[in-house]
Each structure stands twice: as structure tokens, then as C-alpha cells.
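Have a look at the structure below, then the notes.
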Amino acid sequence: MNNTFLNMASIGDFDPLNASIPATKVEITVSCRNLLDRDTFSKSDPSKITPGERFGRTEVIDNTLNPDFVGKFILDYFFEERQNLRFDLNFMSVLFHQWFIFVLNHIKTTSLLLPLQDFLGQAFCTLGEVVGSLGSRSEKPLGGIAGKKCGTIIVKAEELNNCRESVLMQFCGNKLDKKDFFGKSDPFLVFYRSNEDGTFTICHKTEVVKNTLNPVWQAFKIPVRALCNGDYDRTIKVEVYDWDRDGSHDFIGEFSTSYRELSRGQSQFNVYEVVNPKKKGKKKKYLNSGTVTLLSFLVDIEVTFLDYIKGGTQINFTVAIDFTASNGNPAQPTSLHYMSPYQLNTYAMALKAVGEIIQDYDSDKMFPALGFGAKLPPDGRVSHEFALNGNPQNPYCAGIDGVMDAYYQSLKSVQLYGPTNFSPVINHVARYAASVKDGSQYFVLLIITDGVISDMAQTKESIVNASCLPMSIIIVGVGPAEFDAMVELDGDEVRISSRGKYAERDIVQFVPFRDYIDRTGNHVLSMARLAKDVLAEIPDQFLSYMRTRGIKPSPAPPPYTPPGQPIQTQI
């Protein structure tokens with residue numbers, strides 16, 4: 001990753017763009033069709049509420065089996081997390097008034113128990129499944145009642161605009177306090193957003209302007225969600241410092257504002273007195289330590305990852321598994337490939353953790369699954385690019401479960417050997433990525449390995465060549481080996497290069513699985529931690545490719561119109 005903030009003063013560690021803020025927020029709309037009619041004298045009266053985390057409650061809609069609810073749910077969206085949702089449909093009678101109740105909840109939350117209720121159906125999905133569907137619209141049958149057709153639930157997701165806004169701002173200072181004995185001051189600004197508990201979180205630092213009391217800082221761009229989390233009236237605190245080489249920066253003063261105030265632009269309202277509370281308390285004639293003025297304020301609505309997904313871009317997932325002998329005999333419990341009847345091995349956990357999230361963004365759910373470093377039947381030739389399903393002409397497997405089955409079958413038929421070569425499988429995916437560079441597809445390769453790479457020079461060259469293609473590479477290291485060489489491939493610290501040519505962008509994310517193992521033995525938690533970390537960079541890598549190529553999202557498909565006559569609904 002690039003260091004965006006060169007020449008930055010050091011005021012604590014922070015992530016200027018994310019800092020505990022979700023990737024975006026989406027608005028969920030729910031409709032139902034052909035619900036079971038439990039009301040003897042009239043059509044049912046549906047309504048939707050949410051227990052547990054209390055997302056909200058919709059209005060009651062009278063006398064219909066095909067409700068379109070006006071009430072919405074606002075959910076945080078994270079690409080890197082599997083956000084399970086459950087919908088329970090119930091019919092409850094209270095005196096002579098009837099209504100349907102929908103429960104929208106995370107899967108871990110228990111059902112809402114209501115008196116006199118009749119269960120009418122249930123549906124499960126993930127938030128990724130909804131946003132990854134055509135037009136961000138997912139239609140699922142309601143089930144749960146044997147022998148009954150319970151109708152259909154339609155879930156639609158829409159990204160909220162205030163999460164897409166970025167603002168370009170520029171500030172200048174005037175007559176700031178002199179802090180340096182031999183010069184003037186070297187001022188810089190630090191921005192904080194306020195939290196609901198009254199604390200503050202750092203969200204931006206400007207560059208240092210040397211030796212002046214009247215600095216003009218460079219314009220900077222920051223997402224609105226990072227600045228105020230979409231709350232235009234939330235307090236924004238700005239501190240002014242004088243930079244010192246040893247890191248003991250001198251506090252000049254501070255002022256407070258809000259996004260709403262800043263949005264007025266350059267005006268008398270956006271000239272701020274910089275106040276040092278200690279000086280103000282000690283000196284009666286103290287006025288201020290200078291002023292800071294907003295010079296410009298420009299709002300830009302950025303194209304987001306979800307815009308491309310909504311426009312139909314597909315995420316193609318390929319897995320490549322290390323079958324070298326250093327993994328140990330799969331028949332032995334000490335092997336990293338050991339197939340225990342009681343729990344998944346680390347290869348299977350890594351595959352399942354990452355694959356189950358990415359599969360929501362691939363419409364056909366067919367995934368190429370490759371292996372490397374094994375001797376293949378019948379002649380024992382060594383291969384570094386073989387199909388796990390045994391079919392080199394068609395290495396695709398149906399869903400992540402199909403990939404898992406092919407992996408287990410391969411363990412029974414191939415002989416673990418070596419060496420550990422990555423470049424063949426990287427080049428395999430790169431060939432496909434090179435053929436589709438219009439933004440309609442993006443490729444993610446997951447490599448799971450146990451050891452030190454054998455073809456480092458060739459792999460670096462493959463990665464540099466692939467960095468100009470629509471693809472990302474995730475490498476998960478399993479087992480106790482040292483993975484020092486893998487850090488070089490990651491490119492977070494130093495951009496990877498080969499033969500004097502640098503990678504166009506950072507496309508590799510490496511993590512050792514052992515860093516995510518839950519100490520209590522909770523494998524579900526271990527898998528969730530792994531997926532969250534290795535997938536977190538994918539949206540930014542995806543956007544960096546699209547932006548550098550000038551590829552805009554395709555228009556979202558028109559609103560869905562059911563075939564035949566439109567269903568009459570009462571709203």
C-alpha cells in the first residue's frame with residue numbers, strides 16, 4: 001500500500017480512511033409475494049419488526065398477501081465479512097387485529113417469541129448475496145412449513161449516498177503563535193471526529209509547512225464517513241501543532257466545527273480562532289493563538305465498489321492448494337492435509353472462510369480449483385498447475401462445497417511431492433484476466449501454502465505482470481513455517497519489482513493463518529478473523545484497477561418487473 005501521508009507528523013497510529021468505520025451503509029427494502037392467507041374473513045395485514053439489534057419497524061399494511069413495505073433497514077456493509085441474515089415470517093392475533101411480523105436479524109440472534117403466533121415461513125441469506133445479485137435484488141422462497149408454499153420474500157439493497165461522498169478541503173493559517181526559538185513555526189493540522197461516548201478519533205493530518213506563521217496547507221480529500229460518519233452536525237475538532245524533529249510537537253491551539261458549518265464554504269463563518277485553553281486560563285488579555293481559515297470546500301460523490309457490483313461486474317474466484325510433501329502424509333494426524341472426521345484441517349478452513357464470502361459475488365458459482373507440487377496418476381509426473389477435479393479441460397467446481405469435495409478427492413489420488421512453485425497458478429489466472437479487461441470481471445486467486453516458495457524470481461515477475469490486470473492474489477500460509485519471503489510479495493512496505501520493473505499496483509495480500517487461530521478452539525471465529533483480514537483490501541485493489549483504467553460502472557439494470565400481469569398491492 002502506498003504511504004499517502006508523506007512528511008506526516010506522528011500523532012498516534014490511525015487509519016485515516018477506515019478507523020472503525022464500516023465500508024458503507026446500505027438500505028434494505030423488503031417485499032413479499034403470495035403469502036399464506038391465515039385470516040379467515042379478509043386478507044392478512046402484514047407488518048415487519050426487528051428484535052435483538054432493533055433495526056426498526058415498518059408500518060402495518062392492511063389486507064394484502066403481497067406487501068411492499070415502505071419502512072427500511074439501514075445496515076453496515078463489509079465486503080470482508082459474511083453477514084448472515086435471517087427472515088422469520090409470523091402471523092400474530094391480538095384481539096381482533098391481525099398482522100404479519102418479519103424478523104430481520106443476524107443469524108446468531110434467537111427467534112422472537114410472541115404469544116399466539118403462527119409461523120408462516122423463513123428465509124436465510126447473506127448481505128453479500130443481496131448486493132451481489134443482479135440489480136442488488138434477491139428473491140427467495142419462504143420455507144419451513146412441510147407441504148406448504150409459503151410465498152416469496154424479495155430483498156433489495158441500496159447504498160446510501162452520504163457514505164459515497166468525499167470532500168476536498170483546503171485551509172490556511174494566519175498569525176499563528178511562534179514556537180521555535182531560532183525560527184517561526186512549522187505548523188500542521190490534526191482533525192478528529194467526535195464519537196457518541198464523547199471521545200475523539202483522529203481522522204486526518206495535514207502535511208507540515210516549514211518556518212511560517214501564515215501557512216497554506218495543501219488541499220486534501222477525505223471520505224465524509226471518516227470525517228463525521230455521515231452525521232453532518234457531529235463535532236469535528238481541529239488541533240494546530242508546531243512540528244519538532246524529535247516528535248515532541250508543540251501544541252499551538254484548537255478549534256471546533258462541524259461538517260454542516262464547513263459546507264458553507266469560504267465565508268466569515270469559516271474563519272476560526274485557534275485557542276490554547278491553558279494560555280486562556282492564565283492570561284486575562286489572551287485572545288487567541290492565531291486563526292485558521294477554510295479556503296475551499298468541494299463535495300465529490302465517488303464511484304464505489306458496490307456501484308460496479310450493482311452494474312453487473314462479476315468476481316471470479318480461483319483457489320490453488322499446496323500439495324508439496326512438506327505438508328506431511330495426509331493419512332497422519334500430524335499432516336496439515338489430514339482429513340479428520342471431526343473437524344476441518346487448516347487448508348479447508350482457509351478455503352471455506354474466504355470462498356464462502358467471495359461466492360456471493362459470482363453468479364454461476366462455478367470455481368476453478370487448482371493444485372501444485374504433486375505427482376499425478378497414472379505416470380507420476382510432477383505438476384504445478386493441475387485441476388483438483390481431475391479434468392484439466394474443465395477445472396470448475398460447483399460452489400465452495402464442490403471445491404472442498406475436489407480437494408478431498410485429490411488428497412486420495414495424488415502423491416505429495418514438490419517443489420513449491422507459485423508462478424504457474426498465477427500465470428493461469430492471469431491468462432483469463434488478460435482476456436477480460438473491460439471491467440465486467442475481476443479475478444481473485446487464493447493460494448494456500450505451508451512453506452517457503454521455491455520460484456521466487458519467477459513469482460515476482462508473474463505478480464509484476466499481473467499488477468496491470470483485473471486480479472488480486474491472496475496468499476494464506478498454514479502451519480508453523482517461517483514465511484519471511486512472503487512479506488516481500490505482499491508489497492505493503494516496498495512495492496514489488498522484477499528485473500527493474502515495479503508492480504503497477506499492490507495486488508497481493510499475505511497472512512499466516514496461525515495469527516488468526518482462536519485460542520479457545522473456536523474454528524468459526526478463526527475463519528471469520530482470517531476472512532476479514534485477507535479480504536479487506538480487495539475492494540480498494542478492485543477500485544484502483546478500475547480508476548487507473550478509467551472504467552466506469554455499468555448502469556444498474558432497470559427495476560424488476562414480474563412477468564405477466566402486475567400484482568395489485570396495497571401500500
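Each chain in the C-alpha cells gets a letter, A, B, ..., in the order shown, and its residues are numbered from 1; ligands are numbered from 1 in order too.
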
Enumerate the residues of segment 345-488 of chain A with a DSSP assignment of helix (DSSP H, G or I), computed from the backbone, and present them as a count of residues only. 59

Among segment 247-440 of chain A, which ones does DSSP place in strand (DSSP E), written as a count of residues only? 52

Select, from A:Gly500, A:Thr235, A:Asp360, A:Val274, the residue with the minimum atom-to-atom distance to Gly198 of chain A, counting only C-alpha atoms.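 Once distances to Gly198 of chain A are computed over only C-alpha atoms, the minimum belongs to A:Thr235.
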
Excluding same-chain residues fewer than 3 positions from Gly402 of chain A, what lies within 12 Å of it counting only C-alpha atoms, as a list of chain:residue names? A:Val319, A:Leu351, A:Lys352, A:Gly355, A:Glu356, A:Gln359, A:Lys365, A:Met366, A:Phe367, A:Pro368, A:Ala369, A:Leu388, A:Asn389, A:Pro395, A:Tyr396, A:Cys397, A:Ala398, A:Gly399, A:Asp405, A:Ala406, A:Tyr407, A:Tyr408, A:Gln409

Can I get the selection written as a compact mmCIF listing (two decimals), in the first residue's frame, with N, CA, C and O atoms?
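selection-v2.txt was written with the following content:
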```txt
# COMPACT_ATOMS: atom_id res chain seq x y z
N VAL A 319 -8.99 -21.04 -6.58
CA VAL A 319 -8.19 -21.47 -5.44
C VAL A 319 -7.05 -22.35 -5.94
O VAL A 319 -7.23 -23.13 -6.89
N LEU A 351 -9.83 -22.17 2.92
CA LEU A 351 -10.62 -22.21 1.68
C LEU A 351 -12.07 -21.83 1.93
O LEU A 351 -12.66 -21.01 1.23
N LYS A 352 -12.66 -22.43 2.95
CA LYS A 352 -14.06 -22.19 3.25
C LYS A 352 -14.29 -20.75 3.74
O LYS A 352 -15.27 -20.10 3.35
N GLY A 355 -13.71 -18.45 0.55
CA GLY A 355 -14.61 -18.81 -0.56
C GLY A 355 -16.06 -18.53 -0.30
O GLY A 355 -16.79 -18.08 -1.20
N GLU A 356 -16.52 -18.75 0.93
CA GLU A 356 -17.95 -18.57 1.21
C GLU A 356 -18.37 -17.11 1.13
O GLU A 356 -19.55 -16.81 0.94
N GLN A 359 -18.04 -16.13 -2.99
CA GLN A 359 -19.00 -16.79 -3.87
C GLN A 359 -20.29 -15.99 -4.05
O GLN A 359 -21.00 -16.14 -5.05
N LYS A 365 -21.47 -19.40 -9.64
CA LYS A 365 -20.93 -20.18 -8.52
C LYS A 365 -20.10 -21.37 -8.99
O LYS A 365 -20.05 -22.41 -8.33
N MET A 366 -19.40 -21.21 -10.13
CA MET A 366 -18.50 -22.24 -10.63
C MET A 366 -17.07 -21.74 -10.47
O MET A 366 -16.70 -20.70 -11.01
N PHE A 367 -16.25 -22.50 -9.72
CA PHE A 367 -14.93 -22.01 -9.34
C PHE A 367 -13.84 -22.97 -9.79
O PHE A 367 -13.88 -24.16 -9.45
N PRO A 368 -12.83 -22.46 -10.53
CA PRO A 368 -11.68 -23.30 -10.85
C PRO A 368 -10.89 -23.62 -9.58
O PRO A 368 -10.65 -22.74 -8.76
N ALA A 369 -10.49 -24.86 -9.42
CA ALA A 369 -9.73 -25.28 -8.25
C ALA A 369 -8.48 -26.01 -8.74
O ALA A 369 -8.57 -27.01 -9.45
N LEU A 388 -8.06 -29.91 -9.53
CA LEU A 388 -8.40 -30.77 -8.39
C LEU A 388 -9.46 -31.80 -8.74
O LEU A 388 -9.52 -32.88 -8.16
N ASN A 389 -10.33 -31.47 -9.71
CA ASN A 389 -11.38 -32.42 -10.09
C ASN A 389 -10.91 -33.43 -11.13
O ASN A 389 -11.70 -34.25 -11.61
N PRO A 395 -11.68 -27.31 -15.12
CA PRO A 395 -11.33 -27.41 -13.70
C PRO A 395 -12.37 -26.79 -12.76
O PRO A 395 -12.10 -26.65 -11.57
N TYR A 396 -13.55 -26.45 -13.29
CA TYR A 396 -14.55 -25.75 -12.49
C TYR A 396 -15.29 -26.70 -11.55
O TYR A 396 -15.64 -27.82 -11.92
N CYS A 397 -15.53 -26.22 -10.34
CA CYS A 397 -16.29 -26.97 -9.34
C CYS A 397 -17.53 -26.17 -8.97
O CYS A 397 -17.51 -24.94 -8.95
N ALA A 398 -18.60 -26.89 -8.65
CA ALA A 398 -19.89 -26.25 -8.33
C ALA A 398 -19.90 -25.79 -6.88
O ALA A 398 -20.03 -26.59 -5.96
N GLY A 399 -19.74 -24.48 -6.69
CA GLY A 399 -19.80 -23.92 -5.35
C GLY A 399 -18.58 -24.27 -4.51
O GLY A 399 -17.73 -25.08 -4.90
N ASP A 405 -14.98 -30.84 -2.01
CA ASP A 405 -15.03 -32.25 -2.41
C ASP A 405 -13.87 -32.60 -3.33
O ASP A 405 -13.24 -33.66 -3.18
N ALA A 406 -13.57 -31.71 -4.30
CA ALA A 406 -12.47 -31.97 -5.23
C ALA A 406 -11.13 -31.99 -4.49
O ALA A 406 -10.25 -32.81 -4.81
N TYR A 407 -10.98 -31.14 -3.51
CA TYR A 407 -9.75 -31.12 -2.70
C TYR A 407 -9.58 -32.44 -1.96
O TYR A 407 -8.49 -33.05 -1.99
N TYR A 408 -10.63 -32.91 -1.33
CA TYR A 408 -10.55 -34.17 -0.59
C TYR A 408 -10.26 -35.35 -1.53
O TYR A 408 -9.50 -36.26 -1.19
N GLN A 409 -10.87 -35.33 -2.72
CA GLN A 409 -10.63 -36.42 -3.68
C GLN A 409 -9.18 -36.42 -4.17
O GLN A 409 -8.56 -37.47 -4.35
```

Can you tell me which residues surround segment 467-479 of chain A at a distance of at most 6 Å, considering only C-alpha atoms, apart from same-chain residues fewer than 4 positions away, and format the answer as a list in words?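 Final neighbour list, sorted by chain and number: Ala433, Tyr442, Phe443, Val444, Leu445, Leu446, Ile447, Ile448, Thr449, Asp450, Ala503, Glu504, Arg505, Ile507, Val508, Gln509, Phe510, Val511, Pro512 and Phe513 of chain A.
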
Mind checking which residues fall within 10 Å of Lys501 of chain A, counting only C-alpha atoms, ignoring those fewer than 3 positions away in the same chain, and posting them as an MDAnalysis selection string? chainID A and resid 461 464:465 496:498 504

Shell of 12 Å around Met339 of chain A, only C-alpha atoms, local chain residues under 4 positions omitted, as number ranges by chain: A: 328-335, 343-349, 404-405, 407-412

With only C-alpha atoms as the basis for distance, which of A:Pro378, A:Gly128, A:Pro141, A:Gly183 is at the shortest distance from Phe79 of chain A? A:Gly128

Distance of atom CA of Asn421 of chain A from atom CA of Asp455 of chain A, expressed in Å to one decimal place: 5.3 Å

Interatomic distance between atom CA of Ala353 of chain A and atom CA of Arg514 of chain A?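 Interatomic distance, atom CA of Ala353 of chain A to atom CA of Arg514 of chain A: 14.1 Å.
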
Can you work out which one of A:Arg193, A:Lys148, A:Lys25, A:Arg529 has the shortest atom-to-atom distance to Leu120 of chain A, counting only C-alpha atoms?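 Of the candidates, the smallest distance to Leu120 of chain A is held by A:Lys148.
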
Go ahead and compute the interatomic distance for atom CA of Lys532 of chain A and atom CA of Glu80 of chain A, in Å to one decimal.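 Distance between the two atoms: 4.7 Å.
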
Contacts of segment 254-256 of chain A at 12 Å (only C-alpha atoms; same-chain gap of 6+ positions) as number ranges by chain: A: 176, 188-194, 200, 233-241, 262, 270-280, 288-293

Determine the nearest neighbour of Ala387 of chain A from the options A:Leu370, A:Leu306, A:Asp364, A:Thr520, counting only C-alpha atoms. A:Leu370

Between A:Gly371, A:Pro215, A:Gly491, A:Gly281, which is the closest to Phe386 of chain A once you count only C-alpha atoms?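 Of all the options, A:Gly371 lies closest to Phe386 of chain A.
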